[in-house]
Amino acid sequence: MRATWIIFRREVSAYFSSPLAYLIAFAFLLMTGIIFNNDLARSITVKSVDPSLIPDFLSLLMVLFAPLFTMRLLSEESREGTLELLLTAPVPDYSIVFGKFLSAWFYYSFLLGLTLFYQIILVNIGYPDFVHTTASYLGIWLYGGATLAVGLMFSALTENQIIAAFLSTITLFILWIGDLAGDIVASIDLARVIRNLTLQGHYSTSFAVGIIRLGDVVYYSGMIVIMLFLTIQFVESRRW
Amino acid sequence: MLNRGGNIVITRGTLGTTGSFIAGTGLIVGILSILWGSGFSIFTGFAFVISLTGLGIWITMTPDDFKNFIMGRQAKRGTVAVFSTLLIVGIIAMLYIFVMRTGATIDMTQGERFTLSPETLDVIGAVNRSIEARIRITGFYAPRQLRLQEVDNQYWQLYDDATDKITLEYINPLTEPAKAAPYQAYLAQGINVFVAFEREDGEVIFQSTIPVAGTNIQERDMTEAITRLLLRGRFKVYFETGLDTLSAGDDSAEGSSIINSLLRTNGIETDLLNLEQLATSGNSIPVDASAIIFARPQRQLTQAEIDVIDEYVQRGGALFIFSDVILTSDSFLQEESMFNNYLWETFGLRGLDYVVIDEASSQETSTDLVSAAVYPGNPVGMNLNVENDPQSTTLFRLARPIEVDETPPVNNGSVILTSPFSWAENDIDRLIRDNSWEYNEGEDIQGPITTVAWANDQETGSKLVLVGDTDFITNGRILSPQGNSILFFDSIGWMTGFTEEVSFEPQILATGLPIIFIDVQTIDLIAFTTIILMPGIMLVFAIAIWGRRLR
Amino acid sequence: MIEVTNLKKQYGSHMAVDGVSFEAKQGEILGLLGPNGAGKTTTMRVLTGFMPPTSGTASVAGFDVMNDSMEVRRRVGYLPEKVPVYPDMTLFNYVAFVAKLHNVKNHKQKVEAVLDRFDLLDRRDKLVRSLSKGLKQRLGLAQALVHDPPVIVLDEPTIGIDPKQVIEVRDIVKSLRNDHTVLFSSHILTEVEQVCDRVVIINKGKVVAQGTASDLSKQFMPQRQLYIELDGGNQEAYQRLLRSLDMIEKIEPQGRGFILHIPSDDALQKPITRVIANSDFTLIEMRQLDVSLEDVFLDIINKGEQ
């Protein structure tokens, strides 16, 4: 665990000293800001504020952004040769993977936290359903963690950052759009099973409407565990 | 599989490992599908077949590896990794299925939307107490409504879980069109959830079906529907038919089948009654009559008929009378007629032989009367003329005035009035001939004019709503504006006592969270901060760091 | 300190290391010499705990690389061929990171000390990406040494840097003797000759020779070479005279004289001089030609190709 912490700290400082990470943060805040203001304008006359507005948007945004956050995490290491440095240091392989994953999740949490600023604005000018929003944020935080774990896994799979990003984007997109299985598949039971395998399916009809289901929490945690486990396998495979 | 250069290389070993992966995955999926579906299914069989295929590949590609694995000797690193991964996946999947089955949840919405309110629990208590009542909730969801079903299900399941006497069933209208067919009219309107009684053997009593409104306030809609269901048979309204009244079975524009079904879908039974026959046979109006509707009778009542009505009124009956502008003699409720006088003596209300003209009416002619004013605090008019909702007014085409006795024998009052620019026109002949009118002092009555009035005898409990127009309840007119049907239904609701039983606010719902009021400056400030300032800071950091790198 | 016994490592179907055995004693600098692809890097990777052997054993400081990998890694400082640096860290932070990974106490001081030793301290807050290749190499050495490991493994540390820096690096390596056990690989022979106490020559995954430079010379080039130039006669006459000496294995005309191949452990100058003195010829020049490790090496390699 000590090693995890050391690697975590290094990766976090890498995020905060990387121009790319700040560019991503810029795009992130710009898009969420526009969405927020758009909804706000309509809420003044037409309808009430949507409590899960930002998290709902992020569930799609992370399909693109999670690969960007994670693509360098392991691909770059193996290309630069620093993975060999880590693998010959007296630290267990899992601490490398955990440290990196936690750093990505931390950075994501940081950006997510910045969007809470919008909630602060809302509290000052109206009566947002803050409790519902909390549930949605919790859901999208877990969802985000899962997307980052997927991205990390692909980053471990190949030295080529572009391929890693590409593969994770496709995978995350499938795990997002599968939520709409009902629109595509004829059998409602099959559609339900498909939905239950997707990331979005465990968010859009539960966290997004303000309900926290233990099953969804288990799903996201489980997805993270499985992805990290796979990542560790891939990292270890370099030793074979 | 990916070698050091990042290229994909496929060897026999790779295929063998892939085979083992397929074998293990197929096996796990098969087992999980058994758990999930509580039984063997085609899907399970499919999964096992795939598993065996993978097994075959594994054995033929890398037979040594397979042998080692089976005998527990050190297998290829790849195989070990594959199976340990599958093991983890399997464990997590089983945990997940298990937890999903228990359906544990935490409700985080404002006002706890996902927990049943006390009012709903009361209704469910009533269901439990009633010996015969077994309720079936039927939801028709097609695959493309799957997500809607997932959200709705969180609510509907609460009812199913609350008591054994309520069961929930989902039907896919695409795969079982026969079952959906009886509900087709509702499904076409977008209503897809229904409650009905079911028999001991589990068969649904279709005639008892009440639709559940789809307003997105799921708990209120469902509890109201169940309440209406429970009230079935408690209220019965009779349409009088012997006087050439509007026919409740008539679908045409002039018929009144819509108000008939409006009553029925709310759990109010309807039936027909022939006053003339009752009078001649010496029978009374049935005991279960919560109210009687007189939809534009065409002749005057005989004394015998009035007596039948009076007997009913004295034991607390309710009358809903629609009269219209008098164009012939011997018309129903003519000014000097017996029944009109009866109503005046008993309730302090009567019809007048005039036509109401309202020049301030916003419709095509001044004889088309939009409800200009509605008396406040009146249960009948309560939902009419809602601010900013033009649909909530009533529209009468060619109406007669109702006179309200200032010193009435019982409580009474106006419901709907015309504007101050109106009057009751005496010269009906001129109107018919030339379609013109003119206010004449002394002949005509100056407005505002009452077109709908109510009366309530607190001693006997009898009630009367007297309306000076009938057209508005015909099929062609009842639905637009919406106020017409609101007037009709709220009157019935008040007269029968139905409204008290059913009106609900299961939750103090901030359904629309209050609308925000902020000024333009604040909007701009917020926009600036969130769109320019915050992202801008990030951009500045990005450039600064990049600049540092170049140095 | 380092013991390798019949080490084999296979990648897929390719046997990168095929039965390598050698030893490094405490405090010595052992050179690993061989052409590219010989298996040097792979052997080092096994010794640093990066990958386990396919078969055979290897142990560092008494710990087996397979069973006690963590213990091995704690005791090894490793500089791979591609210097593993994070371009966007400062020098100080980078070395500190490695120090922390190795659980170094008082890492701040140790980092400063090692940066100072490699003359990088004044650049401590600069980003790694601003360093030239040579400085990166020094930085790489710094991170290998920051945790003061008993064993240091250096994979081709002088590749791709300019001559002045090459000399610096070699000096640094030489300064490590006695305090550390060093495994140093290269495909440049002169370098290994200069820096290392002993050499292990590897080709195609197998050890083809090991020992000190002179051992190897004796072992593989049991012949020395003398260059003789005579006067007062003709080539034939000289050859006849020289052939009379039994121990001369080969006579090779070269320029104005001859190269005599003689067994290396014989003090043959005297008999030759006497013979020449007793003859009618004059000795113009006689000198020994050095047999360099280069020749040994090329010879071995060439033999291996055949």
# chains A, B, ... in the order shown; residues from 1 in each chain; ligands from 1
>>> interface_residues(of="chain C", to="chain A", cutoff="6 Å", atoms="only C-alpha atoms", output="NGL selection string")
:C and (49-51 or 70 or 73-74 or 84)
>>> write_last_selection(atoms="N, CA, C and O atoms", output="compact mmCIF listing (two decimals), in the first residue's frame")
# COMPACT_ATOMS: atom_id res chain seq x y z
N GLY C 49 15.13 -9.05 -11.60
CA GLY C 49 13.80 -9.42 -11.11
C GLY C 49 12.68 -8.99 -12.04
O GLY C 49 11.52 -9.03 -11.67
N PHE C 50 13.05 -8.58 -13.21
CA PHE C 50 12.02 -8.16 -14.15
C PHE C 50 11.25 -9.36 -14.66
O PHE C 50 10.01 -9.35 -14.70
N MET C 51 11.97 -10.40 -15.06
CA MET C 51 11.25 -11.58 -15.54
C MET C 51 11.86 -12.85 -14.97
O MET C 51 13.05 -12.90 -14.65
N MET C 70 11.30 -9.81 -4.67
CA MET C 70 11.28 -8.51 -4.00
C MET C 70 12.61 -8.23 -3.31
O MET C 70 13.14 -7.12 -3.38
N ARG C 73 15.13 -7.27 -5.84
CA ARG C 73 14.95 -5.92 -6.38
C ARG C 73 15.38 -4.85 -5.40
O ARG C 73 15.81 -3.77 -5.78
N ARG C 74 15.23 -5.15 -4.13
CA ARG C 74 15.65 -4.16 -3.13
C ARG C 74 17.14 -3.94 -3.16
O ARG C 74 17.61 -2.87 -2.80
N PRO C 84 15.29 5.14 -18.35
CA PRO C 84 13.87 5.29 -18.06
C PRO C 84 13.59 6.56 -17.29
O PRO C 84 13.68 6.59 -16.08
>>> interface_residues(of="chain B", to="chain C", cutoff="9 Å", atoms="only C-alpha atoms", output="VMD selection string")
chain B and resid 11 13 549 to 551
>>> closest_residue(among="B:Glu276, B:Asp519, B:Asp201, B:Asp221", to="chain A", atoms="only C-alpha atoms")
B:Asp519
>>> residues_around(residues="range 537-541 of chain B", least_positions_apart="4", cutoff="9 Å", atoms="only C-alpha atoms", output="list in words")
Ser17, Pro19, Tyr22, Leu23, Ile24, Ala25, Phe26, Ala27 and Leu29 of chain A; Ile532, Leu533, Ile545 and Trp546 of chain B
>>> write_last_selection(atoms="N, CA, C and O atoms", output="short mmCIF file (atom, residue, chain, number, x, y, z; two decimals), in the first residue's frame")
data_model
loop_
_atom_site.label_atom_id
_atom_site.label_comp_id
_atom_site.auth_asym_id
_atom_site.auth_seq_id
_atom_site.Cartn_x
_atom_site.Cartn_y
_atom_site.Cartn_z
N SER A 17 0.61 18.65 -13.77
CA SER A 17 1.66 19.38 -14.47
C SER A 17 1.66 19.05 -15.95
O SER A 17 2.65 19.23 -16.63
N PRO A 19 0.04 19.77 -19.67
CA PRO A 19 -0.82 20.69 -20.43
C PRO A 19 -2.03 19.97 -21.01
O PRO A 19 -3.13 20.52 -21.02
N TYR A 22 -4.83 19.76 -18.58
CA TYR A 22 -5.54 21.02 -18.42
C TYR A 22 -6.40 21.35 -19.63
O TYR A 22 -7.47 21.95 -19.51
N LEU A 23 -5.93 20.95 -20.80
CA LEU A 23 -6.76 21.16 -21.98
C LEU A 23 -8.04 20.36 -21.89
O LEU A 23 -9.12 20.83 -22.24
N ILE A 24 -7.89 19.13 -21.42
CA ILE A 24 -9.08 18.29 -21.24
C ILE A 24 -10.01 18.93 -20.21
O ILE A 24 -11.22 18.97 -20.40
N ALA A 25 -9.42 19.46 -19.13
CA ALA A 25 -10.24 20.11 -18.11
C ALA A 25 -10.95 21.32 -18.70
O ALA A 25 -12.12 21.58 -18.40
N PHE A 26 -10.25 22.03 -19.55
CA PHE A 26 -10.84 23.19 -20.21
C PHE A 26 -12.07 22.78 -21.01
O PHE A 26 -13.15 23.36 -20.88
N ALA A 27 -11.89 21.75 -21.84
CA ALA A 27 -13.01 21.29 -22.67
C ALA A 27 -14.16 20.81 -21.79
O ALA A 27 -15.33 21.10 -22.03
N LEU A 29 -14.96 21.65 -18.67
CA LEU A 29 -15.69 22.72 -18.01
C LEU A 29 -16.46 23.59 -19.00
O LEU A 29 -17.55 24.07 -18.70
N ILE B 532 -16.72 31.16 -19.30
CA ILE B 532 -15.48 31.83 -19.68
C ILE B 532 -14.42 31.71 -18.59
O ILE B 532 -13.29 31.30 -18.84
N LEU B 533 -14.83 32.04 -17.38
CA LEU B 533 -13.84 32.12 -16.32
C LEU B 533 -13.25 30.76 -15.96
O LEU B 533 -12.03 30.55 -16.01
N ILE B 545 2.04 25.88 -18.44
CA ILE B 545 2.89 24.70 -18.28
C ILE B 545 3.60 24.35 -19.58
O ILE B 545 4.77 23.99 -19.59
N TRP B 546 2.89 24.45 -20.64
CA TRP B 546 3.50 24.17 -21.94
C TRP B 546 4.65 25.14 -22.19
O TRP B 546 5.70 24.77 -22.70
#
>>> closest_residue(among="A:Thr231, A:Thr70, A:Thr198, A:Ser187", to="chain B", atoms="only C-alpha atoms")
A:Ser187
>>> decode(residues="range 417-429 of chain B", atoms="all heavy atoms", output="PDB file, in the first residue's frame")
ATOM      1  N   LEU B 417     -70.601  32.930 -14.625  1.00  0.00           N
ATOM      2  CA  LEU B 417     -71.273  34.140 -15.040  1.00  0.00           C
ATOM      3  C   LEU B 417     -70.696  34.643 -16.341  1.00  0.00           C
ATOM      4  O   LEU B 417     -69.540  34.339 -16.671  1.00  0.00           O
ATOM      5  CB  LEU B 417     -71.075  35.235 -13.990  1.00  0.00           C
ATOM      6  CG  LEU B 417     -71.652  34.920 -12.631  1.00  0.00           C
ATOM      7  CD1 LEU B 417     -70.811  35.580 -11.561  1.00  0.00           C
ATOM      8  CD2 LEU B 417     -73.083  35.398 -12.565  1.00  0.00           C
ATOM      9  N   THR B 418     -71.511  35.435 -17.020  1.00  0.00           N
ATOM     10  CA  THR B 418     -70.973  36.107 -18.203  1.00  0.00           C
ATOM     11  C   THR B 418     -70.423  37.454 -17.798  1.00  0.00           C
ATOM     12  O   THR B 418     -70.535  37.874 -16.646  1.00  0.00           O
ATOM     13  CB  THR B 418     -72.086  36.298 -19.255  1.00  0.00           C
ATOM     14  OG1 THR B 418     -73.178  36.950 -18.613  1.00  0.00           O
ATOM     15  CG2 THR B 418     -72.521  34.965 -19.815  1.00  0.00           C
ATOM     16  N   SER B 419     -69.888  38.156 -18.786  1.00  0.00           N
ATOM     17  CA  SER B 419     -69.214  39.410 -18.459  1.00  0.00           C
ATOM     18  C   SER B 419     -70.221  40.530 -18.221  1.00  0.00           C
ATOM     19  O   SER B 419     -71.408  40.375 -18.505  1.00  0.00           O
ATOM     20  CB  SER B 419     -68.295  39.803 -19.620  1.00  0.00           C
ATOM     21  OG  SER B 419     -69.089  40.354 -20.665  1.00  0.00           O
ATOM     22  N   PRO B 420     -69.741  41.696 -17.728  1.00  0.00           N
ATOM     23  CA  PRO B 420     -70.626  42.844 -17.534  1.00  0.00           C
ATOM     24  C   PRO B 420     -71.181  43.370 -18.845  1.00  0.00           C
ATOM     25  O   PRO B 420     -72.135  44.142 -18.855  1.00  0.00           O
ATOM     26  CB  PRO B 420     -69.717  43.890 -16.884  1.00  0.00           C
ATOM     27  CG  PRO B 420     -68.599  43.118 -16.284  1.00  0.00           C
ATOM     28  CD  PRO B 420     -68.409  41.915 -17.154  1.00  0.00           C
ATOM     29  N   PHE B 421     -70.594  42.975 -19.965  1.00  0.00           N
ATOM     30  CA  PHE B 421     -71.081  43.446 -21.266  1.00  0.00           C
ATOM     31  C   PHE B 421     -72.094  42.489 -21.854  1.00  0.00           C
ATOM     32  O   PHE B 421     -72.215  42.370 -23.072  1.00  0.00           O
ATOM     33  CB  PHE B 421     -69.902  43.604 -22.236  1.00  0.00           C
ATOM     34  CG  PHE B 421     -68.889  44.582 -21.742  1.00  0.00           C
ATOM     35  CD1 PHE B 421     -67.747  44.120 -21.086  1.00  0.00           C
ATOM     36  CD2 PHE B 421     -69.085  45.948 -21.869  1.00  0.00           C
ATOM     37  CE1 PHE B 421     -66.809  45.017 -20.616  1.00  0.00           C
ATOM     38  CE2 PHE B 421     -68.152  46.844 -21.386  1.00  0.00           C
ATOM     39  CZ  PHE B 421     -67.013  46.379 -20.760  1.00  0.00           C
ATOM     40  N   SER B 422     -72.781  41.801 -21.003  1.00  0.00           N
ATOM     41  CA  SER B 422     -73.746  40.827 -21.494  1.00  0.00           C
ATOM     42  C   SER B 422     -75.149  41.164 -21.031  1.00  0.00           C
ATOM     43  O   SER B 422     -75.333  41.990 -20.139  1.00  0.00           O
ATOM     44  CB  SER B 422     -73.348  39.445 -20.968  1.00  0.00           C
ATOM     45  OG  SER B 422     -73.424  39.452 -19.553  1.00  0.00           O
ATOM     46  N   TRP B 423     -76.096  40.514 -21.669  1.00  0.00           N
ATOM     47  CA  TRP B 423     -77.479  40.640 -21.179  1.00  0.00           C
ATOM     48  C   TRP B 423     -78.279  39.432 -21.637  1.00  0.00           C
ATOM     49  O   TRP B 423     -77.835  38.692 -22.507  1.00  0.00           O
ATOM     50  CB  TRP B 423     -78.123  41.919 -21.690  1.00  0.00           C
ATOM     51  CG  TRP B 423     -78.383  41.954 -23.157  1.00  0.00           C
ATOM     52  CD1 TRP B 423     -79.525  41.534 -23.802  1.00  0.00           C
ATOM     53  CD2 TRP B 423     -77.510  42.413 -24.190  1.00  0.00           C
ATOM     54  NE1 TRP B 423     -79.430  41.714 -25.150  1.00  0.00           N
ATOM     55  CE2 TRP B 423     -78.194  42.249 -25.422  1.00  0.00           C
ATOM     56  CE3 TRP B 423     -76.216  42.965 -24.205  1.00  0.00           C
ATOM     57  CZ2 TRP B 423     -77.619  42.610 -26.635  1.00  0.00           C
ATOM     58  CZ3 TRP B 423     -75.664  43.297 -25.416  1.00  0.00           C
ATOM     59  CH2 TRP B 423     -76.367  43.129 -26.627  1.00  0.00           C
ATOM     60  N   ALA B 424     -79.421  39.273 -21.006  1.00  0.00           N
ATOM     61  CA  ALA B 424     -80.347  38.223 -21.416  1.00  0.00           C
ATOM     62  C   ALA B 424     -81.321  38.826 -22.408  1.00  0.00           C
ATOM     63  O   ALA B 424     -82.080  39.736 -22.091  1.00  0.00           O
ATOM     64  CB  ALA B 424     -81.070  37.666 -20.196  1.00  0.00           C
ATOM     65  N   GLU B 425     -81.274  38.362 -23.627  1.00  0.00           N
ATOM     66  CA  GLU B 425     -82.076  38.935 -24.723  1.00  0.00           C
ATOM     67  C   GLU B 425     -83.430  38.274 -24.795  1.00  0.00           C
ATOM     68  O   GLU B 425     -83.568  37.062 -24.904  1.00  0.00           O
ATOM     69  CB  GLU B 425     -81.290  38.738 -26.035  1.00  0.00           C
ATOM     70  CG  GLU B 425     -82.063  39.156 -27.274  1.00  0.00           C
ATOM     71  CD  GLU B 425     -82.387  40.652 -27.270  1.00  0.00           C
ATOM     72  OE1 GLU B 425     -81.438  41.456 -27.149  1.00  0.00           O
ATOM     73  OE2 GLU B 425     -83.583  40.992 -27.381  1.00  0.00           O
ATOM     74  N   ASN B 426     -84.432  39.094 -24.780  1.00  0.00           N
ATOM     75  CA  ASN B 426     -85.803  38.598 -24.778  1.00  0.00           C
ATOM     76  C   ASN B 426     -86.295  38.238 -26.188  1.00  0.00           C
ATOM     77  O   ASN B 426     -87.084  37.326 -26.383  1.00  0.00           O
ATOM     78  CB  ASN B 426     -86.710  39.694 -24.191  1.00  0.00           C
ATOM     79  CG  ASN B 426     -88.053  39.154 -23.809  1.00  0.00           C
ATOM     80  OD1 ASN B 426     -88.208  37.947 -23.614  1.00  0.00           O
ATOM     81  ND2 ASN B 426     -89.031  40.012 -23.705  1.00  0.00           N
ATOM     82  N   ASP B 427     -85.811  38.980 -27.164  1.00  0.00           N
ATOM     83  CA  ASP B 427     -86.361  38.858 -28.523  1.00  0.00           C
ATOM     84  C   ASP B 427     -85.713  37.698 -29.265  1.00  0.00           C
ATOM     85  O   ASP B 427     -84.844  37.878 -30.125  1.00  0.00           O
ATOM     86  CB  ASP B 427     -86.132  40.184 -29.256  1.00  0.00           C
ATOM     87  CG  ASP B 427     -87.013  40.308 -30.479  1.00  0.00           C
ATOM     88  OD1 ASP B 427     -87.620  39.296 -30.895  1.00  0.00           O
ATOM     89  OD2 ASP B 427     -87.059  41.424 -31.045  1.00  0.00           O
ATOM     90  N   ILE B 428     -86.180  36.523 -28.921  1.00  0.00           N
ATOM     91  CA  ILE B 428     -85.571  35.327 -29.521  1.00  0.00           C
ATOM     92  C   ILE B 428     -85.937  35.191 -30.989  1.00  0.00           C
ATOM     93  O   ILE B 428     -85.137  34.763 -31.819  1.00  0.00           O
ATOM     94  CB  ILE B 428     -85.996  34.068 -28.739  1.00  0.00           C
ATOM     95  CG1 ILE B 428     -85.486  34.205 -27.299  1.00  0.00           C
ATOM     96  CG2 ILE B 428     -85.424  32.816 -29.379  1.00  0.00           C
ATOM     97  CD1 ILE B 428     -85.807  33.031 -26.430  1.00  0.00           C
ATOM     98  N   ASP B 429     -87.181  35.642 -31.330  1.00  0.00           N
ATOM     99  CA  ASP B 429     -87.611  35.539 -32.730  1.00  0.00           C
ATOM    100  C   ASP B 429     -86.696  36.300 -33.638  1.00  0.00           C
ATOM    101  O   ASP B 429     -86.284  35.834 -34.691  1.00  0.00           O
ATOM    102  CB  ASP B 429     -89.033  36.094 -32.876  1.00  0.00           C
ATOM    103  CG  ASP B 429     -90.014  35.223 -32.096  1.00  0.00           C
ATOM    104  OD1 ASP B 429     -89.756  34.003 -32.003  1.00  0.00           O
ATOM    105  OD2 ASP B 429     -91.000  35.766 -31.577  1.00  0.00           O
TER     106      ASP B 429
END
